[in-house]
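Okay, protein.cif now, which holds mmCIF, C-alpha atoms (C1' of nucleotides):
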data_entry
loop_
_atom_site.label_atom_id
_atom_site.label_comp_id
_atom_site.auth_asym_id
_atom_site.auth_seq_id
_atom_site.Cartn_x
_atom_site.Cartn_y
_atom_site.Cartn_z
CA MET A 237 9.31 -24.09 100.06
CA ASN A 238 10.13 -20.38 100.15
CA THR A 239 10.68 -19.05 103.60
CA GLN A 240 10.40 -15.27 103.42
CA ASN A 241 7.56 -13.34 101.94
CA THR A 242 9.27 -10.36 100.45
CA SER A 243 8.08 -9.25 97.03
CA ARG A 244 11.49 -9.99 95.62
CA GLU A 245 11.36 -13.62 96.67
CA LYS A 246 7.79 -14.10 95.55
CA ILE A 247 8.67 -12.79 92.10
CA LEU A 248 11.87 -14.82 91.84
CA ASN A 249 10.27 -18.06 93.01
CA THR A 250 7.41 -17.73 90.57
CA ALA A 251 9.75 -16.80 87.73
CA THR A 252 11.98 -19.78 88.48
CA LYS A 253 9.03 -22.12 88.34
CA LEU A 254 7.52 -20.73 85.14
CA PHE A 255 10.82 -20.40 83.28
CA GLN A 256 11.67 -24.02 84.03
CA ILE A 257 8.28 -25.42 83.05
CA ASN A 258 7.31 -23.29 80.07
CA GLY A 259 10.59 -21.67 79.11
CA PHE A 260 12.09 -18.22 78.88
CA ASN A 261 10.31 -17.11 75.72
CA ALA A 262 6.91 -18.49 76.62
CA THR A 263 6.84 -16.80 80.02
CA GLY A 264 5.83 -13.15 80.07
CA LEU A 265 6.62 -10.76 82.87
CA ASN A 266 2.92 -10.05 83.22
CA GLU A 267 2.29 -13.73 83.83
CA ILE A 268 4.95 -13.83 86.53
CA LEU A 269 3.53 -10.76 88.23
CA GLU A 270 -0.01 -12.04 88.07
CA GLU A 271 0.83 -15.45 89.53
CA SER A 272 3.02 -13.97 92.25
CA LYS A 273 0.49 -11.22 92.94
CA SER A 274 3.14 -8.55 92.64
CA PRO A 275 2.97 -5.15 90.97
CA LYS A 276 5.05 -4.35 87.93
CA GLY A 277 6.77 -1.54 89.78
CA SER A 278 8.30 -4.01 92.21
CA LEU A 279 9.76 -6.15 89.46
CA TYR A 280 11.84 -3.35 88.00
CA TYR A 281 12.68 -2.07 91.45
CA TYR A 282 14.21 -5.41 92.47
CA PHE A 283 15.43 -6.48 89.04
CA PRO A 284 16.45 -3.24 87.35
CA GLU A 285 17.96 -5.08 84.38
CA GLY A 286 14.58 -6.63 83.63
CA LYS A 287 13.82 -10.05 82.24
CA GLU A 288 17.43 -11.06 81.65
CA GLN A 289 18.44 -10.46 85.26
CA LEU A 290 15.35 -12.27 86.48
CA ALA A 291 16.16 -15.26 84.28
CA LEU A 292 19.79 -15.29 85.40
CA GLU A 293 18.82 -15.44 89.04
CA ALA A 294 16.13 -17.98 88.24
CA ILE A 295 18.66 -20.30 86.61
CA GLN A 296 20.91 -20.03 89.65
CA LEU A 297 18.05 -20.66 92.05
CA ALA A 298 16.89 -23.64 90.00
CA CYS A 299 20.42 -24.98 90.14
CA LYS A 300 20.40 -24.76 93.91
CA SER A 301 17.12 -26.70 94.12
CA ILE A 302 18.25 -29.38 91.70
CA VAL A 303 21.63 -29.84 93.38
CA GLU A 304 19.96 -30.02 96.76
CA ARG A 305 17.62 -32.76 95.62
CA LEU A 306 20.46 -34.57 93.95
CA ARG A 307 22.71 -34.45 96.99
CA GLY A 308 19.84 -35.40 99.28
CA THR A 309 19.07 -38.56 97.34
CA MET A 310 22.66 -39.50 96.53
CA ASP A 311 23.60 -39.39 100.20
CA LYS A 312 20.99 -42.02 101.11
CA TYR A 313 23.06 -44.86 99.71
CA SER A 314 26.82 -45.30 99.83
CA ASP A 315 26.78 -47.47 96.73
CA PRO A 316 26.59 -45.14 93.71
CA VAL A 317 24.49 -47.56 91.66
CA GLU A 318 21.92 -47.81 94.45
CA ALA A 319 22.02 -44.05 94.93
CA LEU A 320 21.41 -43.39 91.23
CA LYS A 321 18.59 -45.90 91.13
CA TYR A 322 17.00 -44.10 94.04
CA LEU A 323 17.47 -40.69 92.41
CA ILE A 324 15.91 -41.91 89.18
CA SER A 325 12.94 -43.44 90.98
CA ASN A 326 12.58 -40.13 92.80
CA ILE A 327 12.48 -38.14 89.55
CA THR A 328 10.16 -40.76 88.06
CA ASP A 329 7.68 -40.25 90.88
CA ASP A 330 7.73 -36.49 90.35
CA LEU A 331 7.14 -36.80 86.61
CA ASN A 332 4.35 -39.31 87.13
CA ASP A 333 2.76 -36.99 89.63
CA GLU A 334 2.99 -33.97 87.36
CA ASN A 335 4.63 -33.97 83.94
CA LYS A 336 6.59 -30.75 84.59
CA LEU A 337 10.27 -29.81 84.58
CA GLN A 338 10.21 -27.80 87.82
CA ASP A 339 13.19 -28.64 90.05
CA ILE A 340 14.15 -31.33 87.55
CA SER A 341 15.93 -29.82 84.56
CA ILE A 342 16.97 -26.54 82.98
CA SER A 343 17.44 -28.07 79.53
CA LEU A 344 14.65 -25.99 78.08
CA MET A 345 16.22 -22.70 79.12
CA ALA A 346 19.62 -23.95 77.98
CA LEU A 347 18.34 -24.71 74.50
CA GLU A 348 16.41 -21.45 74.32
CA THR A 349 19.43 -19.33 75.16
CA TYR A 350 22.46 -21.13 73.68
CA SER A 351 22.31 -19.14 70.46
CA SER A 352 20.72 -15.89 71.57
CA ASN A 353 21.92 -14.82 75.01
CA GLU A 354 25.51 -15.41 76.05
CA LYS A 355 25.00 -14.47 79.70
CA LEU A 356 22.17 -16.94 80.17
CA ARG A 357 23.93 -19.62 78.14
CA LEU A 358 26.92 -19.39 80.48
CA ALA A 359 24.69 -19.70 83.53
CA CYS A 360 23.13 -22.86 82.08
CA GLU A 361 26.55 -24.26 81.21
CA GLN A 362 27.56 -23.81 84.83
CA VAL A 363 24.48 -25.72 85.99
CA PHE A 364 25.34 -28.71 83.80
CA THR A 365 28.93 -28.63 85.05
CA GLU A 366 27.86 -28.51 88.67
CA LEU A 367 25.47 -31.43 88.27
CA SER A 368 28.12 -33.52 86.53
CA ASN A 369 30.46 -32.78 89.40
CA VAL A 370 28.00 -34.04 91.97
CA TYR A 371 27.87 -37.39 90.19
CA ALA A 372 31.64 -37.49 89.75
CA HIS A 373 32.17 -36.72 93.41
CA LYS A 374 29.94 -39.62 94.39
CA LEU A 375 31.92 -41.97 92.18
CA ILE A 376 35.27 -40.79 93.53
CA GLN A 377 34.02 -41.40 97.04
CA SER A 378 33.34 -45.01 96.19
CA GLY A 379 36.71 -45.67 94.68
CA PHE A 380 36.61 -44.65 91.04
CA ALA A 381 39.72 -43.03 89.65
CA PRO A 382 39.19 -39.25 89.41
CA GLN A 383 39.53 -39.08 85.64
CA LYS A 384 37.20 -42.01 85.09
CA ALA A 385 34.75 -40.55 87.60
CA GLU A 386 34.69 -37.24 85.79
CA GLU A 387 33.95 -38.84 82.45
CA LEU A 388 31.25 -41.04 83.95
CA GLY A 389 29.79 -38.11 85.86
CA MET A 390 29.30 -36.25 82.62
CA ALA A 391 27.81 -39.34 81.00
CA ILE A 392 25.32 -39.73 83.85
CA GLU A 393 24.30 -36.08 83.56
CA ILE A 394 23.88 -36.48 79.79
CA MET A 395 21.70 -39.55 80.19
CA ILE A 396 19.49 -38.00 82.83
CA GLU A 397 18.91 -34.79 80.86
CA GLY A 398 18.22 -36.74 77.68
CA ALA A 399 15.88 -39.12 79.44
CA ILE A 400 13.93 -36.29 81.07
CA THR A 401 13.49 -34.50 77.74
CA ILE A 402 12.06 -37.62 76.14
CA CYS A 403 9.98 -38.48 79.22
CA VAL A 404 8.07 -35.21 79.24
CA THR A 405 7.63 -35.41 75.47
CA ARG A 406 6.23 -38.94 75.69
CA LYS A 407 4.31 -38.23 78.90
CA ASP A 408 5.65 -41.44 80.40
CA THR A 409 8.75 -42.47 82.33
CA VAL A 410 9.98 -45.38 80.21
CA PRO A 411 13.16 -43.53 79.20
CA LEU A 412 14.19 -43.10 82.82
CA SER A 413 13.71 -46.84 83.41
CA ALA A 414 15.83 -47.54 80.36
CA ILE A 415 18.79 -45.54 81.60
CA SER A 416 18.43 -46.98 85.09
CA ASN A 417 19.25 -50.39 83.63
CA ILE A 418 22.05 -48.99 81.50
CA LEU A 419 23.68 -47.26 84.46
CA ASN A 420 23.56 -50.47 86.38
CA VAL A 421 25.52 -52.26 83.68
CA LEU A 422 27.84 -49.33 83.08
CA LEU A 423 28.94 -48.68 86.64
CA SER A 424 29.10 -52.29 87.79
CA GLN A 425 31.59 -53.60 85.27
CA ASP A 426 33.54 -50.46 84.67
CA SER A 427 34.74 -49.75 88.18
CA LEU A 428 38.15 -48.60 89.40
CA MET B 173 18.94 -29.08 49.58
CA ASN B 174 15.43 -28.04 48.49
CA THR B 175 14.57 -28.96 44.97
CA GLN B 176 11.54 -26.92 43.98
CA ASN B 177 11.18 -23.22 44.31
CA THR B 178 7.53 -22.85 45.15
CA SER B 179 6.64 -20.31 47.79
CA ARG B 180 5.31 -23.08 49.96
CA GLU B 181 8.63 -24.91 50.03
CA LYS B 182 10.66 -21.78 50.58
CA ILE B 183 8.52 -20.89 53.59
CA LEU B 184 8.54 -24.42 55.00
CA ASN B 185 12.29 -24.88 54.59
CA THR B 186 13.06 -21.57 56.28
CA ALA B 187 10.61 -22.28 59.08
CA THR B 188 12.09 -25.71 59.66
CA LYS B 189 15.56 -24.22 59.97
CA LEU B 190 14.60 -21.37 62.29
CA PHE B 191 12.30 -23.44 64.51
CA GLN B 192 15.05 -26.00 65.06
CA ILE B 193 17.79 -23.48 65.80
CA ASN B 194 15.96 -20.81 67.77
CA GLY B 195 12.78 -22.56 68.77
CA PHE B 196 9.06 -22.20 68.20
CA ASN B 197 8.47 -19.26 70.51
CA ALA B 198 11.54 -17.28 69.48
CA THR B 199 10.75 -17.50 65.78
CA GLY B 200 8.22 -15.04 64.46
CA LEU B 201 6.26 -15.48 61.26
CA ASN B 202 7.61 -12.15 60.07
CA GLU B 203 11.15 -13.45 60.47
CA ILE B 204 10.34 -16.56 58.44
CA LEU B 205 8.76 -14.48 55.69
CA GLU B 206 11.63 -12.03 55.59
CA GLU B 207 14.31 -14.73 55.39
CA SER B 208 12.41 -16.72 52.80
CA LYS B 209 11.50 -13.57 50.88
CA SER B 210 7.87 -14.50 50.84
CA PRO B 211 4.78 -12.34 51.35
CA LYS B 212 2.54 -12.81 54.34
CA GLY B 213 -0.40 -13.56 52.09
CA SER B 214 1.29 -16.70 50.80
CA LEU B 215 1.89 -18.05 54.27
CA TYR B 216 -1.76 -18.10 55.18
CA TYR B 217 -2.70 -19.29 51.72
CA TYR B 218 -0.49 -22.38 52.01
CA PHE B 219 -0.78 -22.84 55.77
CA PRO B 220 -4.32 -21.72 56.59
CA GLU B 221 -4.03 -22.91 60.17
CA GLY B 222 -1.13 -20.54 60.74
CA LYS B 223 1.89 -21.03 62.92
CA GLU B 224 0.80 -24.34 64.40
CA GLN B 225 0.38 -26.00 61.03
CA LEU B 226 3.69 -24.59 59.88
CA ALA B 227 5.43 -25.94 62.98
CA LEU B 228 3.79 -29.34 62.59
CA GLU B 229 5.04 -29.71 59.06
CA ALA B 230 8.43 -28.33 60.09
CA ILE B 231 8.80 -31.01 62.75
CA GLN B 232 7.95 -33.69 60.23
CA LEU B 233 10.36 -32.29 57.66
CA ALA B 234 13.11 -32.01 60.27
CA CYS B 235 12.47 -35.64 61.18
CA LYS B 236 12.95 -36.66 57.57
CA SER B 237 16.29 -34.83 57.40
CA ILE B 238 17.56 -36.26 60.66
CA VAL B 239 16.50 -39.80 59.84
CA GLU B 240 18.10 -39.49 56.42
CA ARG B 241 21.40 -38.42 57.91
CA LEU B 242 21.19 -41.11 60.52
CA ARG B 243 20.49 -43.87 58.02
CA GLY B 244 23.14 -42.56 55.69
CA THR B 245 25.86 -42.75 58.31
CA MET B 246 24.68 -45.96 59.98
CA ASP B 247 24.75 -47.80 56.66
CA LYS B 248 28.43 -47.04 56.15
CA TYR B 249 29.52 -49.66 58.67
CA SER B 250 27.98 -53.03 59.35
CA ASP B 251 29.31 -53.05 62.92
CA PRO B 252 26.91 -50.93 65.01
CA VAL B 253 29.67 -49.63 67.28
CA GLU B 254 31.67 -48.42 64.31
CA ALA B 255 28.53 -46.96 62.74
CA LEU B 256 27.64 -45.03 65.89
CA LYS B 257 31.18 -43.75 66.25
CA TYR B 258 30.99 -42.47 62.70
CA LEU B 259 27.60 -40.87 63.28
CA ILE B 260 28.86 -39.13 66.38
CA SER B 261 31.99 -37.86 64.64
CA ASN B 262 29.68 -36.62 61.89
CA ILE B 263 27.50 -34.67 64.31
CA THR B 264 30.62 -33.44 66.10
CA ASP B 265 31.95 -31.97 62.86
CA ASP B 266 28.67 -30.17 62.23
CA LEU B 267 28.58 -28.68 65.73
CA ASN B 268 32.21 -27.61 65.51
CA ASP B 269 31.52 -25.98 62.18
CA GLU B 270 28.45 -24.15 63.43
CA ASN B 271 27.01 -24.49 66.93
CA LYS B 272 23.42 -24.91 65.70
CA LEU B 273 20.75 -27.57 66.05
CA GLN B 274 19.65 -27.62 62.41
CA ASP B 275 19.22 -31.17 61.08
CA ILE B 276 20.56 -32.42 64.41
CA SER B 277 17.85 -32.34 67.07
CA ILE B 278 14.28 -31.27 67.74
CA SER B 279 14.73 -31.32 71.53
CA LEU B 280 14.16 -27.58 71.77
CA MET B 281 10.77 -27.76 70.07
CA ALA B 282 9.88 -30.83 72.11
CA LEU B 283 10.56 -29.04 75.39
CA GLU B 284 8.78 -25.90 74.23
CA THR B 285 5.60 -27.75 73.33
CA TYR B 286 5.31 -30.65 75.79
CA SER B 287 3.14 -28.66 78.18
CA SER B 288 1.42 -26.20 75.88
CA ASN B 289 0.49 -27.77 72.55
CA GLU B 290 -0.66 -31.36 72.38
CA LYS B 291 -0.56 -31.62 68.61
CA LEU B 292 3.06 -30.49 68.40
CA ARG B 293 4.06 -32.57 71.42
CA LEU B 294 2.75 -35.69 69.69
CA ALA B 295 4.69 -34.86 66.54
CA CYS B 296 7.89 -34.54 68.57
CA GLU B 297 7.17 -37.77 70.39
CA GLN B 298 6.91 -39.52 67.07
CA VAL B 299 10.29 -38.13 66.00
CA PHE B 300 11.99 -39.53 69.11
CA THR B 301 10.31 -42.90 68.56
CA GLU B 302 11.37 -43.03 64.94
CA LEU B 303 14.98 -42.21 65.76
CA SER B 304 15.09 -44.85 68.50
CA ASN B 305 13.78 -47.37 66.00
CA VAL B 306 16.55 -46.62 63.53
CA TYR B 307 19.12 -47.49 66.20
CA ALA B 308 17.19 -50.56 67.31
CA HIS B 309 16.91 -51.77 63.75
CA LYS B 310 20.65 -51.49 63.30
CA LEU B 311 21.25 -53.54 66.44
CA ILE B 312 18.79 -56.25 65.39
CA GLN B 313 20.55 -56.52 62.05
CA SER B 314 23.78 -57.32 63.83
CA GLY B 315 22.37 -60.01 66.03
CA PHE B 316 20.90 -58.36 69.11
CA ALA B 317 17.70 -59.80 70.48
CA PRO B 318 14.75 -57.59 69.47
CA GLN B 319 13.78 -56.68 73.01
CA LYS B 320 17.35 -55.86 74.00
CA ALA B 321 17.81 -53.92 70.78
CA GLU B 322 14.73 -51.83 71.45
CA GLU B 323 15.88 -50.90 74.94
CA LEU B 324 19.38 -50.07 73.73
CA GLY B 325 17.99 -48.10 70.79
CA MET B 326 16.09 -45.87 73.18
CA ALA B 327 19.18 -45.53 75.37
CA ILE B 328 21.28 -44.46 72.38
CA GLU B 329 18.68 -41.89 71.36
CA ILE B 330 18.57 -40.57 74.95
CA MET B 331 22.34 -40.23 75.13
CA ILE B 332 22.64 -38.48 71.79
CA GLU B 333 19.86 -35.97 72.57
CA GLY B 334 21.31 -35.29 76.02
CA ALA B 335 24.83 -34.91 74.67
CA ILE B 336 23.72 -32.50 71.95
CA THR B 337 21.86 -30.33 74.46
CA ILE B 338 24.94 -30.04 76.64
CA CYS B 339 27.26 -29.60 73.66
CA VAL B 340 25.48 -26.53 72.31
CA THR B 341 25.22 -25.11 75.82
CA ARG B 342 28.94 -25.58 76.42
CA LYS B 343 29.88 -24.63 72.87
CA ASP B 344 32.16 -27.63 72.68
CA THR B 345 31.79 -31.29 71.73
CA VAL B 346 33.24 -32.98 74.80
CA PRO B 347 29.87 -34.53 75.76
CA LEU B 348 29.62 -36.29 72.41
CA SER B 349 33.11 -37.74 72.90
CA ALA B 350 32.09 -38.92 76.34
CA ILE B 351 29.12 -40.90 75.08
CA SER B 352 31.12 -42.28 72.20
CA ASN B 353 33.31 -44.06 74.75
CA ILE B 354 30.33 -45.16 76.79
CA LEU B 355 28.56 -46.63 73.79
CA ASN B 356 31.67 -48.56 72.94
CA VAL B 357 31.69 -50.19 76.38
CA LEU B 358 27.95 -50.66 76.46
CA LEU B 359 27.46 -52.37 73.11
CA SER B 360 30.61 -54.48 73.17
CA GLN B 361 29.97 -56.38 76.36
CA ASP B 362 26.23 -56.45 76.28
CA SER B 363 25.65 -58.21 72.99
CA LEU B 364 23.21 -60.97 72.12
"C1'" DG C 274 8.86 0.74 98.26
"C1'" DT C 275 4.42 0.27 95.94
"C1'" DC C 276 1.41 0.93 92.35
"C1'" DT C 277 -0.87 2.58 87.81
"C1'" DA C 278 -0.81 4.19 83.36
"C1'" DT C 279 1.17 4.09 79.30
"C1'" DA C 280 4.76 4.24 75.89
"C1'" DG C 281 6.68 1.91 71.89
"C1'" DG C 282 7.33 -2.14 69.63
"C1'" DT C 283 6.19 -6.86 67.94
"C1'" DT C 284 3.26 -10.62 67.55
"C1'" DG C 285 -0.15 -13.77 64.97
"C1'" DA C 286 -3.84 -13.18 62.13
"C1'" DT C 287 -7.30 -11.02 58.72
"C1'" DA C 288 -9.41 -8.30 54.88
"C1'" DG C 289 -9.57 -7.02 50.50
"C1'" DA C 290 -7.44 -5.08 46.18
"C1'" DC C 291 -5.29 -6.89 42.20
"C1'" DG D 232 -2.14 -16.94 43.87
"C1'" DT D 233 0.15 -12.64 45.32
"C1'" DC D 234 0.62 -8.67 47.90
"C1'" DT D 235 -0.31 -4.69 51.24
"C1'" DA D 236 -2.58 -2.49 54.86
"C1'" DT D 237 -4.22 -3.08 59.09
"C1'" DC D 238 -6.02 -5.18 63.37
"C1'" DA D 239 -6.24 -6.37 68.24
"C1'" DA D 240 -3.45 -8.42 71.59
"C1'" DC D 241 0.53 -8.96 73.69
"C1'" DC D 242 5.25 -7.86 74.95
"C1'" DT D 243 9.18 -5.37 77.73
"C1'" DA D 244 10.14 -1.31 79.73
"C1'" DT D 245 9.52 3.44 81.71
"C1'" DA D 246 7.51 7.54 84.08
"C1'" DG D 247 5.69 9.50 87.74
"C1'" DA D 248 2.05 9.78 91.50
"C1'" DC D 249 1.62 8.25 96.13
#
For the structure just supplied, provide its representation as structure tokens.
Amino acid sequence: MNTQNTSREKILNTATKLFQINGFNATGLNEILEESKSPKGSLYYYFPEGKEQLALEAIQLACKSIVERLRGTMDKYSDPVEALKYLISNITDDLNDENKLQDISISLMALETYSSNEKLRLACEQVFTELSNVYAHKLIQSGFAPQKAEELGMAIEIMIEGAITICVTRKDTVPLSAISNILNVLLSQDSL
Amino acid sequence: MNTQNTSREKILNTATKLFQINGFNATGLNEILEESKSPKGSLYYYFPEGKEQLALEAIQLACKSIVERLRGTMDKYSDPVEALKYLISNITDDLNDENKLQDISISLMALETYSSNEKLRLACEQVFTELSNVYAHKLIQSGFAPQKAEELGMAIEIMIEGAITICVTRKDTVPLSAISNILNVLLSQDSL
DNA sequence: GTCTATAGGTTGATAGAC
DNA sequence: GTCTATCAACCTATAGAC
């Protein structure tokens, strides 16, 4: 998971996990320090701007993890429909194993910050854009027209975020199955 | 908007608004009391179980508002595709006017509570189910098979929640336009 | 660089006068 | 039913010893 053992990385990794699962407002700095076994002095030494800076870096780190997973699964199949099915089954397994948003979605932080913190909102916006682009790129590779691929990429990102939100709320993975079928229909008939 | 002027209703209406827009954790009881011009004594008189009870009733009231809007717009057109287009343009107008979640979505509260408060999680789950059913009902009315309608109803709910999340994060309404097109394709070819 | 102590503010909740 | 005063607990952040 995390390679180095510096205090900075321990704090950031723990913060990234807790912010994703429980949210920005529900996660206290004390909680992060306790779970990462770090002293408060270190936090403000490494993140002099405090909680906001920590959250900003956490969003960016979460983005890296999510994109990595996404790329890793999408590259397993050349056919985009097969690749998406595999990605969705992958996320489904994770949610079944543990009903938590870690390495899955930053929707919670996005909704917590859209109206209260412009810097963090922008960081979340960038995550959504990047994820959409990964999907679009996959579609372009398999022959979709760039404009069509971009629109579909955004639609895929929308469906996955929406499905995850409702999955964790319901504590089941039916919504992900539902969009798996929809994507099948959508991408098969709507090509080129 | 609110008909009666009892302290209870003033508190509940304000809480419902603030919880939806800023979330459960970001909204303090003091803030609710200040905005509703109510004394703290009244809050605990009418909501003896405190913040949790207030949030529970707020989720249910928000559900009523959202369902009302949804039914109101869906009933304007008999064709479900036209009705959904109208609903989406309606939500788009609201978000353009003011980039806030009020009377639009409870996704923020759902994500804040899914892992920390079972009572509130269940209330949010019920909201998502109810909204899905409104869509499904509309599809059944226009000739879709019940099972197909149920699956599509959930898919519609997923897409709208996902699109709203990304809309407020981006501060634009492009995602809602994107799913409007998708729904057109999806419901036109996939009927009966 | 690490750690502790603590400041200064806010939170949800309670007690008790009226 | 209404209102105020107050509580203990928590929060983010800072100061300063080591």
- Resolved residues for the PyMOL selection byres ((chain B) within 9 of (chain C)) as a list in words: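 Evaluating the PyMOL selection byres ((chain B) within 9 of (chain C)) on these coordinates yields Gly200, Leu201, Asn202, Tyr216, Gly222 and Lys223 of chain B.
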- Message: Using the chain letters and numbers from this file, what does the PyMOL selection byres ((chain B and resi 331) around 7) select? Give the answer as JSON, numbers by chain.
- Response: {"A": [394, 395, 398], "B": [327, 328, 329, 330, 332, 333, 334, 335, 351]}
- Message: Please determine, counting only C-alpha atoms (C1' of nucleotides), which residue among B:Arg180, B:Arg342, B:Lys212, B:Lys189 has the shortest atom-to-atom distance to chain D.
- Response: B:Lys212
Exactly which residues make up the result of the PyMOL selection byres ((chain A) within 8 of (chain B)) on this file, given as a PDB file with C-alpha atoms, in the coordinates of the input?
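Written file, selection23.pdb:
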ATOM      1  CA  ILE A 257       8.280 -25.420  83.050  1.00  0.00           C
ATOM      2  CA  ASN A 258       7.310 -23.290  80.070  1.00  0.00           C
ATOM      3  CA  GLY A 259      10.590 -21.670  79.110  1.00  0.00           C
ATOM      4  CA  ASN A 261      10.310 -17.110  75.720  1.00  0.00           C
ATOM      5  CA  ALA A 262       6.910 -18.490  76.620  1.00  0.00           C
ATOM      6  CA  ASN A 335       4.630 -33.970  83.940  1.00  0.00           C
ATOM      7  CA  LYS A 336       6.590 -30.750  84.590  1.00  0.00           C
ATOM      8  CA  SER A 343      17.440 -28.070  79.530  1.00  0.00           C
ATOM      9  CA  LEU A 344      14.650 -25.990  78.080  1.00  0.00           C
ATOM     10  CA  ALA A 346      19.620 -23.950  77.980  1.00  0.00           C
ATOM     11  CA  LEU A 347      18.340 -24.710  74.500  1.00  0.00           C
ATOM     12  CA  GLU A 348      16.410 -21.450  74.320  1.00  0.00           C
ATOM     13  CA  TYR A 350      22.460 -21.130  73.680  1.00  0.00           C
ATOM     14  CA  SER A 351      22.310 -19.140  70.460  1.00  0.00           C
ATOM     15  CA  SER A 352      20.720 -15.890  71.570  1.00  0.00           C
ATOM     16  CA  ARG A 357      23.930 -19.620  78.140  1.00  0.00           C
ATOM     17  CA  LEU A 358      26.920 -19.390  80.480  1.00  0.00           C
ATOM     18  CA  CYS A 360      23.130 -22.860  82.080  1.00  0.00           C
ATOM     19  CA  GLU A 361      26.550 -24.260  81.210  1.00  0.00           C
ATOM     20  CA  PHE A 364      25.340 -28.710  83.800  1.00  0.00           C
ATOM     21  CA  GLU A 387      33.950 -38.840  82.450  1.00  0.00           C
ATOM     22  CA  LEU A 388      31.250 -41.040  83.950  1.00  0.00           C
ATOM     23  CA  MET A 390      29.300 -36.250  82.620  1.00  0.00           C
ATOM     24  CA  ALA A 391      27.810 -39.340  81.000  1.00  0.00           C
ATOM     25  CA  ILE A 394      23.880 -36.480  79.790  1.00  0.00           C
ATOM     26  CA  MET A 395      21.700 -39.550  80.190  1.00  0.00           C
ATOM     27  CA  ILE A 396      19.490 -38.000  82.830  1.00  0.00           C
ATOM     28  CA  GLU A 397      18.910 -34.790  80.860  1.00  0.00           C
ATOM     29  CA  GLY A 398      18.220 -36.740  77.680  1.00  0.00           C
ATOM     30  CA  ALA A 399      15.880 -39.120  79.440  1.00  0.00           C
ATOM     31  CA  THR A 401      13.490 -34.500  77.740  1.00  0.00           C
ATOM     32  CA  ILE A 402      12.060 -37.620  76.140  1.00  0.00           C
ATOM     33  CA  VAL A 404       8.070 -35.210  79.240  1.00  0.00           C
ATOM     34  CA  THR A 405       7.630 -35.410  75.470  1.00  0.00           C
ATOM     35  CA  ARG A 406       6.230 -38.940  75.690  1.00  0.00           C
ATOM     36  CA  PRO A 411      13.160 -43.530  79.200  1.00  0.00           C
ATOM     37  CA  ALA A 414      15.830 -47.540  80.360  1.00  0.00           C
ATOM     38  CA  ILE A 415      18.790 -45.540  81.600  1.00  0.00           C
ATOM     39  CA  ILE A 418      22.050 -48.990  81.500  1.00  0.00           C
ATOM     40  CA  VAL A 421      25.520 -52.260  83.680  1.00  0.00           C
ATOM     41  CA  LEU A 422      27.840 -49.330  83.080  1.00  0.00           C
TER      42      LEU A 422
END
- Task: Dump as an MDAnalysis selection string the residues of chain B that approach chain D to within 7 Å, counting all atoms listed in the file.
- Result: chainID B and resid 211 213:214
- Have a look at atom CA of Glu245 of chain A and atom CA of Asp311 of chain A and let me know their distance in Å, one decimal.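 Between these atoms lies a distance of 28.7 Å.
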- Do you have the atom CA of Asp315 of chain A-atom CA of Phe380 of chain A distance handy? 11.7 Å
Selected chain D, written as a CSV table (one decimal), in the first residue's frame, C-alpha atoms (C1' of nucleotides):
chain,number,residue,atom,x,y,z
D,232,DG,C1',-44.3,26.5,26.1
D,233,DT,C1',-40.5,29.9,26.1
D,234,DC,C1',-36.1,31.5,27.2
D,235,DT,C1',-31.3,31.9,29.2
D,236,DA,C1',-27.3,30.3,31.4
D,237,DT,C1',-24.3,26.9,31.4
D,238,DC,C1',-22.0,22.4,30.9
D,239,DA,C1',-18.6,19.0,29.3
D,240,DA,C1',-16.6,17.6,25.2
D,241,DC,C1',-14.8,18.4,21.1
D,242,DC,C1',-12.6,21.1,17.5
D,243,DT,C1',-8.6,23.5,14.9
D,244,DA,C1',-4.6,25.8,15.8
D,245,DT,C1',-0.4,27.6,18.3
D,246,DA,C1',3.6,28.0,21.5
D,247,DG,C1',7.5,26.5,23.1
D,248,DA,C1',10.4,22.8,25.4
D,249,DC,C1',13.4,19.2,23.9
